[in-house]
$ cat entry_10.pdb   # PDB, C-alpha atoms, pLDDT in the B column
ATOM      1  CA  GLY A1338     275.877-100.370  57.953  1.00 71.00           C
ATOM      2  CA  VAL A1339     277.687-100.043  61.293  1.00 75.00           C
ATOM      3  CA  LEU A1340     275.066 -97.741  62.822  1.00 74.00           C
ATOM      4  CA  ALA A1341     272.193 -99.866  61.492  1.00 73.00           C
ATOM      5  CA  LYS A1342     273.744-102.916  63.155  1.00 79.00           C
ATOM      6  CA  GLN A1343     274.367-101.095  66.445  1.00 75.00           C
ATOM      7  CA  LEU A1344     270.768 -99.847  66.568  1.00 73.00           C
ATOM      8  CA  HIS A1345     269.256-103.136  65.343  1.00 76.00           C
ATOM      9  CA  ALA A1346     267.604-101.347  62.420  1.00 80.00           C
ATOM     10  CA  THR A1347     266.055-103.750  59.914  1.00 79.00           C
ATOM     11  CA  THR A1348     263.789-101.591  57.777  1.00 79.00           C
ATOM     12  CA  THR A1349     263.826 -98.164  56.190  1.00 79.00           C
ATOM     13  CA  PRO A1350     262.156 -96.023  57.317  1.00 86.00           C
ATOM     14  CA  GLN A1351     262.415 -97.098  60.950  1.00 86.00           C
ATOM     15  CA  ALA A1352     262.600 -95.019  64.122  1.00 89.00           C
ATOM     16  CA  VAL A1353     265.133 -95.735  66.840  1.00 90.00           C
ATOM     17  CA  VAL A1354     264.786 -93.694  70.026  1.00 92.00           C
ATOM     18  CA  THR A1355     267.509 -93.901  72.660  1.00 90.00           C
ATOM     19  CA  ASP A1356     267.740 -92.467  76.147  1.00 90.00           C
ATOM     20  CA  THR A1357     270.638 -90.334  77.389  1.00 90.00           C
ATOM     21  CA  SER A1358     272.611 -93.514  78.160  1.00 91.00           C
ATOM     22  CA  GLY A1359     272.255 -94.740  74.587  1.00 89.00           C
ATOM     23  CA  ASP A1360     269.851 -97.553  75.507  1.00 91.00           C
ATOM     24  CA  ILE A1361     267.179 -98.206  72.894  1.00 90.00           C
ATOM     25  CA  ARG A1362     263.783 -97.262  74.325  1.00 94.00           C
ATOM     26  CA  TYR A1363     261.758 -97.477  71.097  1.00 93.00           C
ATOM     27  CA  LEU A1364     262.364 -99.383  67.865  1.00 91.00           C
ATOM     28  CA  GLY A1365     259.795 -99.557  65.116  1.00 92.00           C
ATOM     29  CA  ARG A1366     257.545 -97.701  62.747  1.00 91.00           C
ATOM     30  CA  ILE A1367     257.339 -93.925  62.669  1.00 91.00           C
ATOM     31  CA  ASP A1368     253.550 -94.053  62.517  1.00 93.00           C
ATOM     32  CA  ASP A1369     250.809 -96.530  61.675  1.00 92.00           C
ATOM     33  CA  ASN A1370     250.256 -95.838  57.982  1.00 89.00           C
ATOM     34  CA  ALA A1371     252.379 -95.287  54.876  1.00 86.00           C
ATOM     35  CA  ASP A1372     249.692 -92.858  53.647  1.00 90.00           C
ATOM     36  CA  ARG A1373     250.097 -89.622  55.650  1.00 90.00           C
ATOM     37  CA  THR A1374     246.405 -88.826  55.309  1.00 95.00           C
ATOM     38  CA  ARG A1375     245.481 -92.066  57.099  1.00 96.00           C
ATOM     39  CA  VAL A1376     247.822 -91.879  60.102  1.00 93.00           C
ATOM     40  CA  THR A1377     246.006 -92.411  63.396  1.00 95.00           C
ATOM     41  CA  ARG A1378     248.958 -93.149  65.703  1.00 94.00           C
ATOM     42  CA  SER A1379     252.407 -91.524  65.663  1.00 95.00           C
ATOM     43  CA  ASP A1380     254.391 -94.185  67.526  1.00 96.00           C
ATOM     44  CA  ALA A1381     257.812 -92.505  67.374  1.00 95.00           C
ATOM     45  CA  ARG A1382     256.342 -89.190  68.575  1.00 96.00           C
ATOM     46  CA  LEU A1383     254.581 -90.948  71.468  1.00 96.00           C
ATOM     47  CA  ALA A1384     257.865 -92.628  72.442  1.00 96.00           C
ATOM     48  CA  LEU A1385     259.744 -89.314  72.376  1.00 96.00           C
ATOM     49  CA  ASP A1386     257.018 -87.578  74.386  1.00 96.00           C
ATOM     50  CA  ALA A1387     257.088 -90.334  77.014  1.00 96.00           C
ATOM     51  CA  LEU A1388     260.878 -90.188  77.414  1.00 95.00           C
ATOM     52  CA  LEU A1389     260.943 -86.399  77.570  1.00 95.00           C
ATOM     53  CA  SER A1390     258.330 -86.446  80.319  1.00 96.00           C
ATOM     54  CA  GLY A1391     260.212 -89.098  82.310  1.00 94.00           C
ATOM     55  CA  GLN A1392     257.671 -91.840  81.609  1.00 94.00           C
ATOM     56  CA  PRO A1393     258.290 -95.335  80.236  1.00 94.00           C
ATOM     57  CA  VAL A1394     257.474 -95.909  76.577  1.00 95.00           C
ATOM     58  CA  ALA A1395     254.103 -97.680  76.539  1.00 94.00           C
ATOM     59  CA  LYS A1396     254.805 -99.598  73.320  1.00 94.00           C
ATOM     60  CA  PRO A1397     258.614 -99.939  72.985  1.00 93.00           C
ATOM     61  CA  ARG A1398     258.540-102.157  69.868  1.00 93.00           C
ATOM     62  CA  THR A1399     256.346-101.964  66.777  1.00 91.00           C
ATOM     63  CA  GLN A1400     256.633-103.573  63.363  1.00 89.00           C
ATOM     64  CA  ALA A1401     258.136-101.128  60.875  1.00 86.00           C
ATOM     65  CA  PHE A1402     257.027-101.272  57.261  1.00 85.00           C
ATOM     66  CA  GLY A1403     259.124-100.331  54.264  1.00 83.00           C
ATOM     67  CA  CYS A1404     262.208-101.732  52.586  1.00 80.00           C
ATOM     68  CA  LEU A1405     264.446-104.300  54.230  1.00 79.00           C
ATOM     69  CA  ILE A1406     267.934-103.059  55.096  1.00 78.00           C
ATOM     70  CA  SER A1407     270.347-105.503  53.511  1.00 79.00           C
ATOM     71  CA  LEU A1408     273.706-105.473  55.260  1.00 70.00           C
ATOM     72  CA  PRO A1409     276.811-107.351  54.161  1.00 70.00           C
ATOM     73  CA  PRO A1410     277.883-110.115  56.527  1.00 68.00           C
ATOM     74  CA  ALA A1411     280.607-109.272  59.012  1.00 60.00           C
ATOM     75  CA  PRO A1412     284.050-110.406  57.870  1.00 60.00           C
ATOM     76  CA  SER A1413     285.222-113.630  59.443  1.00 56.00           C
ATOM     77  CA  LEU A1414     288.015-113.310  61.948  1.00 50.00           C
ATOM     78  CA  ILE A1415     288.456-117.081  62.281  1.00 55.00           C
ATOM     79  CA  GLY A1416     292.062-118.081  61.732  1.00 55.00           C
ATOM     80  CA  MET A1417     293.447-114.544  62.033  1.00 48.00           C
ATOM     81  CA  ARG A1418     296.253-113.876  64.466  1.00 55.00           C
ATOM     82  CA  GLU A1419     296.184-110.895  66.800  1.00 50.00           C
ATOM     83  CA  GLY A1420     297.317-107.768  64.973  1.00 51.00           C
ATOM     84  CA  GLU A1421     296.673-109.246  61.507  1.00 49.00           C
ATOM     85  CA  SER A1422     294.696-107.235  59.011  1.00 49.00           C
ATOM     86  CA  GLN A1423     292.234-108.452  56.402  1.00 49.00           C
ATOM     87  CA  GLY A1424     293.651-106.079  53.816  1.00 52.00           C
ATOM     88  CA  HIS A1425     294.166-107.456  50.336  1.00 49.00           C
ATOM     89  CA  GLY A1426     297.210-106.296  48.518  1.00 45.00           C
TER      90      GLY A1426
END
$ encode --input "entry_10.pdb" --output "structure tokens"
Amino acid sequence: GVLAKQLHATTTPQAVVTDTSGDIRYLGRIDDNADRTRVTRSDARLALDALLSGQPVAKPRTQAFGCLISLPPAPSLIGMREGESQGHG
């Protein structure tokens, strides 16, 4: 869940393309159709090709389709003192 949160992933499958600095340059669908035989645009591939050729990504965000990634909420740190742990036991 930590990596999904860091990369703002919301759906599986979903492509996240970062540059050498770790900045997200593309976030979205891998391609435009769940049926491989009907794919007409490979968005993640186009993003990678653009970055590798030193060009900006033409369409940096697309809507991914698939299953929602359900992440547990972050634990609350309200009321904890510095150095305290949330361990139970």
$ closest_residue --input "entry_10.pdb" --among "A:Val1339, A:Ala1401, A:Ala1387, A:Leu1408" --to "Arg1362 of chain A" --atoms "only C-alpha atoms"
A:Ala1387
$ atom_distance --input "entry_10.pdb" --atom1 "atom CA of Gly1403 of chain A" --atom2 "atom CA of Ile1361 of chain A"
20.4 Å
$ atom_distance --input "entry_10.pdb" --atom1 "atom CA of Ser1390 of chain A" --atom2 "atom CA of Phe1402 of chain A"
27.4 Å
$ residues_near_point --input "entry_10.pdb" --point "(259.6, -91.4, 78.1)" --cutoff "12 Å" --atoms "all atoms listed in the file" --output "PyMOL selection string"
chain A and resi 1354-1357+1361-1363+1381-1397
$ write_last_selection --input "entry_10.pdb" --atoms "C-alpha atoms" --output "PDB file, in the coordinates of the input"
ATOM      1  CA  VAL A1354     264.786 -93.694  70.026  1.00 92.00           C
ATOM      2  CA  THR A1355     267.509 -93.901  72.660  1.00 90.00           C
ATOM      3  CA  ASP A1356     267.740 -92.467  76.147  1.00 90.00           C
ATOM      4  CA  THR A1357     270.638 -90.334  77.389  1.00 90.00           C
ATOM      5  CA  ILE A1361     267.179 -98.206  72.894  1.00 90.00           C
ATOM      6  CA  ARG A1362     263.783 -97.262  74.325  1.00 94.00           C
ATOM      7  CA  TYR A1363     261.758 -97.477  71.097  1.00 93.00           C
ATOM      8  CA  ALA A1381     257.812 -92.505  67.374  1.00 95.00           C
ATOM      9  CA  ARG A1382     256.342 -89.190  68.575  1.00 96.00           C
ATOM     10  CA  LEU A1383     254.581 -90.948  71.468  1.00 96.00           C
ATOM     11  CA  ALA A1384     257.865 -92.628  72.442  1.00 96.00           C
ATOM     12  CA  LEU A1385     259.744 -89.314  72.376  1.00 96.00           C
ATOM     13  CA  ASP A1386     257.018 -87.578  74.386  1.00 96.00           C
ATOM     14  CA  ALA A1387     257.088 -90.334  77.014  1.00 96.00           C
ATOM     15  CA  LEU A1388     260.878 -90.188  77.414  1.00 95.00           C
ATOM     16  CA  LEU A1389     260.943 -86.399  77.570  1.00 95.00           C
ATOM     17  CA  SER A1390     258.330 -86.446  80.319  1.00 96.00           C
ATOM     18  CA  GLY A1391     260.212 -89.098  82.310  1.00 94.00           C
ATOM     19  CA  GLN A1392     257.671 -91.840  81.609  1.00 94.00           C
ATOM     20  CA  PRO A1393     258.290 -95.335  80.236  1.00 94.00           C
ATOM     21  CA  VAL A1394     257.474 -95.909  76.577  1.00 95.00           C
ATOM     22  CA  ALA A1395     254.103 -97.680  76.539  1.00 94.00           C
ATOM     23  CA  LYS A1396     254.805 -99.598  73.320  1.00 94.00           C
ATOM     24  CA  PRO A1397     258.614 -99.939  72.985  1.00 93.00           C
TER      25      PRO A1397
END
$ residues_around --input "entry_10.pdb" --residues "Asn1370 of chain A" --least-positions-apart "2" --cutoff "12 Å" --atoms "only C-alpha atoms" --output "mmCIF file with C-alpha atoms, in the frame of the given file"
data_model
loop_
_atom_site.group_PDB
_atom_site.id
_atom_site.type_symbol
_atom_site.label_atom_id
_atom_site.label_comp_id
_atom_site.auth_asym_id
_atom_site.auth_seq_id
_atom_site.Cartn_x
_atom_site.Cartn_y
_atom_site.Cartn_z
ATOM 1 C CA PRO A 1350 262.156 -96.023 57.317
ATOM 2 C CA ARG A 1366 257.545 -97.701 62.747
ATOM 3 C CA ILE A 1367 257.339 -93.925 62.669
ATOM 4 C CA ASP A 1368 253.550 -94.053 62.517
ATOM 5 C CA ASP A 1372 249.692 -92.858 53.647
ATOM 6 C CA ARG A 1373 250.097 -89.622 55.650
ATOM 7 C CA THR A 1374 246.405 -88.826 55.309
ATOM 8 C CA ARG A 1375 245.481 -92.066 57.099
ATOM 9 C CA VAL A 1376 247.822 -91.879 60.102
ATOM 10 C CA THR A 1377 246.006 -92.411 63.396
ATOM 11 C CA ARG A 1378 248.958 -93.149 65.703
ATOM 12 C CA SER A 1379 252.407 -91.524 65.663
ATOM 13 C CA ASP A 1380 254.391 -94.185 67.526
ATOM 14 C CA GLN A 1400 256.633 -103.573 63.363
ATOM 15 C CA ALA A 1401 258.136 -101.128 60.875
ATOM 16 C CA PHE A 1402 257.027 -101.272 57.261
ATOM 17 C CA GLY A 1403 259.124 -100.331 54.264
#
$ resolve_selection --input "entry_10.pdb" --expression "the PyMOL selection byres ((chain A and resi 1342-1345) around 12)" --output "ChimeraX atom specification"
/A:1338-1341,1346-1349,1351-1355,1359-1365,1398,1406-1411
$ decode --input "entry_10.pdb" --residues "segment 1356-1405 of chain A" --atoms "N, CA and C atoms" --output "CSV table (one decimal), in the first residue's frame"
chain,number,residue,atom,x,y,z
A,1356,ASP,N,10.2,10.1,-14.2
A,1356,ASP,CA,11.5,10.5,-14.8
A,1356,ASP,C,12.6,10.1,-13.8
A,1357,THR,N,13.8,10.4,-14.2
A,1357,THR,CA,15.0,10.1,-13.4
A,1357,THR,C,15.0,10.7,-12.0
A,1358,SER,N,14.2,11.8,-11.9
A,1358,SER,CA,14.1,12.4,-10.6
A,1358,SER,C,13.1,11.8,-9.7
A,1359,GLY,N,12.3,10.9,-10.2
A,1359,GLY,CA,11.2,10.3,-9.5
A,1359,GLY,C,9.9,11.0,-9.6
A,1360,ASP,N,9.8,12.1,-10.5
A,1360,ASP,CA,8.6,12.8,-10.7
A,1360,ASP,C,7.7,12.0,-11.6
A,1361,ILE,N,6.4,12.0,-11.3
A,1361,ILE,CA,5.5,11.3,-12.1
A,1361,ILE,C,5.2,12.0,-13.4
A,1362,ARG,N,5.5,11.4,-14.5
A,1362,ARG,CA,5.3,12.0,-15.8
A,1362,ARG,C,4.1,11.5,-16.6
A,1363,TYR,N,3.6,10.3,-16.2
A,1363,TYR,CA,2.4,9.7,-16.8
A,1363,TYR,C,1.8,8.8,-15.7
A,1364,LEU,N,0.4,8.9,-15.6
A,1364,LEU,CA,-0.4,8.2,-14.7
A,1364,LEU,C,-1.7,7.8,-15.4
A,1365,GLY,N,-1.9,6.6,-15.6
A,1365,GLY,CA,-3.2,6.2,-16.2
A,1365,GLY,C,-3.2,4.8,-16.8
A,1366,ARG,N,-4.1,4.6,-17.7
A,1366,ARG,CA,-4.2,3.3,-18.4
A,1366,ARG,C,-3.0,2.9,-19.1
A,1367,ILE,N,-2.9,1.6,-19.3
A,1367,ILE,CA,-1.8,1.0,-20.1
A,1367,ILE,C,-2.1,1.3,-21.6
A,1368,ASP,N,-3.3,1.0,-21.9
A,1368,ASP,CA,-3.7,1.2,-23.3
A,1368,ASP,C,-5.2,1.5,-23.3
A,1369,ASP,N,-5.8,1.6,-24.5
A,1369,ASP,CA,-7.2,2.1,-24.5
A,1369,ASP,C,-8.3,1.1,-24.6
A,1370,ASN,N,-7.9,-0.2,-24.3
A,1370,ASN,CA,-9.0,-1.2,-24.4
A,1370,ASN,C,-8.6,-2.4,-23.6
A,1371,ALA,N,-9.5,-3.0,-22.8
A,1371,ALA,CA,-9.3,-4.2,-22.0
A,1371,ALA,C,-9.1,-5.4,-22.9
A,1372,ASP,N,-9.6,-5.4,-24.1
A,1372,ASP,CA,-9.5,-6.4,-25.1
A,1372,ASP,C,-8.3,-6.2,-25.9
A,1373,ARG,N,-7.3,-7.0,-25.8
A,1373,ARG,CA,-6.0,-6.8,-26.5
A,1373,ARG,C,-6.2,-6.6,-28.0
A,1374,THR,N,-7.2,-7.3,-28.6
A,1374,THR,CA,-7.4,-7.3,-30.0
A,1374,THR,C,-8.0,-6.0,-30.5
A,1375,ARG,N,-8.4,-5.1,-29.6
A,1375,ARG,CA,-9.1,-3.9,-29.9
A,1375,ARG,C,-8.3,-2.6,-29.5
A,1376,VAL,N,-7.1,-2.8,-29.1
A,1376,VAL,CA,-6.2,-1.7,-28.7
A,1376,VAL,C,-5.9,-0.9,-29.9
A,1377,THR,N,-6.1,0.4,-29.8
A,1377,THR,CA,-5.7,1.4,-30.8
A,1377,THR,C,-4.7,2.4,-30.4
A,1378,ARG,N,-4.5,2.5,-29.0
A,1378,ARG,CA,-3.6,3.5,-28.5
A,1378,ARG,C,-2.9,2.9,-27.3
A,1379,SER,N,-1.6,2.8,-27.3
A,1379,SER,CA,-0.8,2.3,-26.1
A,1379,SER,C,-0.2,3.5,-25.3
A,1380,ASP,N,-1.0,4.0,-24.4
A,1380,ASP,CA,-0.7,5.3,-23.7
A,1380,ASP,C,0.6,5.2,-22.9
A,1381,ALA,N,0.8,4.1,-22.2
A,1381,ALA,CA,2.0,4.0,-21.4
A,1381,ALA,C,3.2,3.9,-22.3
A,1382,ARG,N,3.1,3.2,-23.4
A,1382,ARG,CA,4.3,3.1,-24.3
A,1382,ARG,C,4.6,4.4,-24.9
A,1383,LEU,N,3.5,5.2,-25.3
A,1383,LEU,CA,3.8,6.5,-25.8
A,1383,LEU,C,4.4,7.4,-24.8
A,1384,ALA,N,4.1,7.3,-23.6
A,1384,ALA,CA,4.7,8.1,-22.5
A,1384,ALA,C,6.1,7.8,-22.3
A,1385,LEU,N,6.4,6.5,-22.3
A,1385,LEU,CA,7.8,6.0,-22.2
A,1385,LEU,C,8.7,6.5,-23.4
A,1386,ASP,N,8.1,6.3,-24.6
A,1386,ASP,CA,8.8,6.8,-25.8
A,1386,ASP,C,9.1,8.3,-25.8
A,1387,ALA,N,8.2,9.1,-25.3
A,1387,ALA,CA,8.4,10.5,-25.2
A,1387,ALA,C,9.5,10.8,-24.3
A,1388,LEU,N,9.4,10.3,-23.1
A,1388,LEU,CA,10.5,10.5,-22.1
A,1388,LEU,C,11.9,10.1,-22.5
A,1389,LEU,N,11.9,8.9,-23.1
A,1389,LEU,CA,13.2,8.4,-23.6
A,1389,LEU,C,13.8,9.3,-24.7
A,1390,SER,N,13.0,10.0,-25.5
A,1390,SER,CA,13.4,10.8,-26.5
A,1390,SER,C,13.6,12.3,-26.1
A,1391,GLY,N,13.4,12.5,-24.8
A,1391,GLY,CA,13.6,13.9,-24.3
A,1391,GLY,C,12.4,14.8,-24.5
A,1392,GLN,N,11.3,14.3,-24.9
A,1392,GLN,CA,10.1,15.1,-25.2
A,1392,GLN,C,9.1,15.0,-24.0
A,1393,PRO,N,8.2,16.0,-23.9
A,1393,PRO,CA,7.2,16.0,-22.9
A,1393,PRO,C,6.2,14.9,-23.3
A,1394,VAL,N,5.5,14.4,-22.3
A,1394,VAL,CA,4.4,13.4,-22.5
A,1394,VAL,C,3.2,14.2,-22.9
A,1395,ALA,N,2.7,13.9,-24.1
A,1395,ALA,CA,1.6,14.6,-24.7
A,1395,ALA,C,0.3,14.5,-23.9
A,1396,LYS,N,0.1,13.3,-23.3
A,1396,LYS,CA,-1.1,13.1,-22.5
A,1396,LYS,C,-0.7,12.5,-21.2
A,1397,PRO,N,-0.3,13.3,-20.2
A,1397,PRO,CA,0.2,12.8,-19.0
A,1397,PRO,C,-0.7,12.1,-18.0
A,1398,ARG,N,-2.0,12.3,-18.2
A,1398,ARG,CA,-3.0,11.6,-17.4
A,1398,ARG,C,-4.1,11.0,-18.2
A,1399,THR,N,-4.5,9.8,-18.0
A,1399,THR,CA,-5.6,9.1,-18.6
A,1399,THR,C,-6.4,8.4,-17.5
A,1400,GLN,N,-7.6,8.1,-17.8
A,1400,GLN,CA,-8.4,7.3,-16.9
A,1400,GLN,C,-8.1,5.8,-17.0
A,1401,ALA,N,-7.6,5.2,-16.0
A,1401,ALA,CA,-7.4,3.8,-16.0
A,1401,ALA,C,-8.7,3.0,-15.7
A,1402,PHE,N,-8.7,1.8,-16.3
A,1402,PHE,CA,-9.9,1.0,-16.0
A,1402,PHE,C,-9.5,-0.3,-15.4
A,1403,GLY,N,-10.2,-0.8,-14.5
A,1403,GLY,CA,-9.9,-2.1,-13.9
A,1403,GLY,C,-10.5,-2.1,-12.5
A,1404,CYS,N,-9.8,-2.7,-11.5
A,1404,CYS,CA,-10.3,-2.8,-10.2
A,1404,CYS,C,-9.7,-1.7,-9.3
A,1405,LEU,N,-10.6,-1.1,-8.4
A,1405,LEU,CA,-10.2,-0.1,-7.5
A,1405,LEU,C,-9.2,-0.6,-6.5
